[in-house]
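To start, the structure under review is shown below, and the notes come after it.
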6 protein chains.
Amino acid sequence: MRLVDRLLSTIDRITPPATVHAHCDLPCGVYDPAQARIEAESVKACMEKFNGSDDVVFKSRAVFIKEQRADLVKHHLWVLWTDYFKPEHLAKHPQLPDLFWKATKAAGETKKTNDPLVAQGLLDQIAEIDTIFWATKKG
Amino acid sequence: MRLVDRLLSTIDRITPPATVHAHCDLPCGVYDPAQARIEAESVKACMEKFNGSDDVVFKSRAVFIKEQRADLVKHHLWVLWTDYFKPEHLAKHPQLPDLFWKATKAAGETKKTNDPLVAQGLLDQIAEIDTIFWATKKG
Amino acid sequence: MRLVDRLLSTIDRITPPATVHAHCDLPCGVYDPAQARIEAESVKACMEKFNGSDDVVFKSRAVFIKEQRADLVKHHLWVLWTDYFKPEHLAKHPQLPDLFWKATKAAGETKKTNDPLVAQGLLDQIAEIDTIFWATKKG
Amino acid sequence: MRLVDRLLSTIDRITPPATVHAHCDLPCGVYDPAQARIEAESVKACMEKFNGSDDVVFKSRAVFIKEQRADLVKHHLWVLWTDYFKPEHLAKHPQLPDLFWKATKAAGETKKTNDPLVAQGLLDQIAEIDTIFWATKKG
Amino acid sequence: MRLVDRLLSTIDRITPPATVHAHCDLPCGVYDPAQARIEAESVKACMEKFNGSDDVVFKSRAVFIKEQRADLVKHHLWVLWTDYFKPEHLAKHPQLPDLFWKATKAAGETKKTNDPLVAQGLLDQIAEIDTIFWATKKG
Amino acid sequence: MRLVDRLLSTIDRITPPATVHAHCDLPCGVYDPAQARIEAESVKACMEKFNGSDDVVFKSRAVFIKEQRADLVKHHLWVLWTDYFKPEHLAKHPQLPDLFWKATKAAGETKKTNDPLVAQGLLDQIAEIDTIFWATKKG
């Protein structure tokens, strides 16, 4: 058995207990609901541009650019929910599972409408998540 | 106001009620937990290849390819959870939020270890999701 | 010359003969035509949704979501053809090169039409590939 | 010539003057240097995790996750520089071209080192860009 | 039935025959084997950098950056093979299916070794494809 | 402290001076303005296809495929500007910052119009960059 491999397998045997209980993917530990909020603001802006335009080509660009932005909102929310939040947060904030489920569903709904109220509802849910997030940061 | 635009805005006014209550993103309506399962099998296989190899370059490739596969597992699970499952499913299967949260966290944990038991645990959770998924399909 | 580097170059000198003849990219060895099939079912569903809708915005979403799904079909088929299938499979199933060429071209064609028959033709070709795939698995 | 096409071409003939002079891609008009800052904080955190770890597998994960984060920093900075900033901003802030060039090069350098000072230098340049960005927003 | 929809469905009924027989995805008609060649040159350069370096972190970066470049080589070759080449080209150049199969497999092999000869072999196959490609362009 | 880790940290201490002053991301050293030019030719072709078509579905596909191609043009130009070009090039070719800024902005503008003259203007700017690029290669 080679030296490098012996070292690798040794380290491997030693580290799992530590890593298996970690809660983010590197873990690098950097999270910020602002990432979801910024993309959601873009979703809302795309709707307003869509509604304010007479150009059928522009309107179709607004629709698929909004689609991509809404996907990013969902991705950033999923990462927060799966990687950042821990059981102890859930104990303090039992509304989190439902809040994230509804917020990500709302992000999906923004793809299907150009009603800015739907995007505003998403932004309100992200603001609620943001408040809880920073509360957990303060501990 | 142009004709096309008048048509667009008319259609827009009429469709939101329908679309706002839809639950998948097109909606195309095609979902299958097999997508998550296949990537999770790849994650487990990468761990076994890692453990069975003497080649330090191969081992590092196994680590970052596993990382990408685990990201796909998370993505496919998130899509199922957010886009496919509806409140009526949740009423029948109250364990769903916790099951998806743990499964996606397990997918994140597979990035941090090369212990195939962690990948097997992920595969078991996906199998549980798969059973519920097909039960909801039968109605 | 450093120890780690000496180990790396030693291992490097030893492993190429083995890896150069391997046929998948890690190799993790996990393949499943279901990945292409699921995306192709989504392509067909997008066409049916397109044909069944009165909403010009929804119709354009169906078109570009279908485009993305068709790209995934092509990708999954290419990976099967390039990474999974080996010369010995080709010897037993000489129709494979033409079958994959036509199936991937059919996937491209589904982007240009909303005729579900074109998507069904693609699904039939994927089913044919699936049959051969599992036959090669049994050896 | 079909009605829809006639409408499309008419609108096309009319809109270019307006769109050709627009400066962001939809334009949705939402920009925020926080996107680059958050990824750069992640880059710095990856370096610190790399330096603080004994696990050779974890260290290699830190390296390639940092690589991806640094790519996102570059992307977000490029978008700000190309899509948000306009000639009138450049007139008021002549240091912008050099500042963005150095900041994106610094982001590239963070891939090649695990010295947190290099990441901090990048964060300082992003902070400088952030100050100018918000000054231009106030007009 | 709405006017726009009637127009859409009319156009739909009329266009399939044309589009179903088209051979590239928009079709935009722009292809160039240089895209695959440039990425393959990068793959070879990554190997040389890997072999010429003493830095274990740099060496692992070379490995995963090479992996990404090799994926791009495969993608560009697949697009050429599936989207550009037509049955009439195949009739004139019967070696094409085997040439593309071997070239894409060679691209996969460059991920598993740091032997520049393997990358050179890939470059030679791309050069062969390039010669045939431009011959078909002259008609 | 483990042997591998000691080696890693030793190498780390030694290499930064060298890498911090490098100017491309691996560095693999392979760059070619042809990558931006090929995507820009595709952008122009998409516009011509858009203008030459009566099919409203095809026209919307042309618009979003063009959008993706224009993004690739921007990406390839950004990489050239940030990763390839060095202060000494800037000293010899002081027009570079403005040329790249305008070319990437022109790429953004091609998303908003179907006027091939805008795409041709982009191609002309890429040709100018190409001339300078190869001049710097000759030294």
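Following the order of the structure tokens, first chain is A, next is B, and so on, with residues numbered from 1 inside each chain and ligands from 1 in the order they appear.
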Which residues are close to range 73-88 of chain F, i.e. within 9 Å by only C-alpha atoms, leaving aside same-chain residues fewer than 5 positions away? Reply as a PyMOL selection string. (chain D and resi 74-75+78+82+101-102+104-105+108) or (chain F and resi 23-25+27+29-33+35-40+43+68+93+96-97+100+103-105+107-108+126+133+136)
Please identify all polymer residues within 9 Å of Asn51 in chain E, counting only C-alpha atoms, omitting same-chain residues fewer than 4 positions from it, and present them as a VMD selection string. (chain C and resid 9) or (chain E and resid 46 to 47 59 114 to 115)
With only C-alpha atoms considered, list every residue of chain C at most 8 Å from chain F, as a PyMOL selection string. chain C and resi 4+60+63-64+112
Let's see if you can do this: from backbone DSSP, list all alpha helix (DSSP H) residues in chain E, as number ranges by chain. E: 3-14, 16-20, 34-51, 56-79, 87-92, 96-109, 116-137
Using only C-alpha atoms: which of F:Ala70, F:Glu41, F:Ser53, F:Ala91 has the shortest distance to Asp124 in chain F: F:Glu41
Do you know which residues are at most 8 Å from Gln125 in chain E counting only C-alpha atoms, after dropping those on the same chain fewer than 3 positions away, and could you put them as a VMD selection string? chain E and resid 99 103 121 to 122 128 to 129
Could you check how far CA of Ala45 in chain E sits from CA of Cys28 in chain F, in Å to one decimal? 5.4 Å
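Straight-line separation from CA of Lys44 in chain D to CA of Asp71 in chain A: 26.5 Å.
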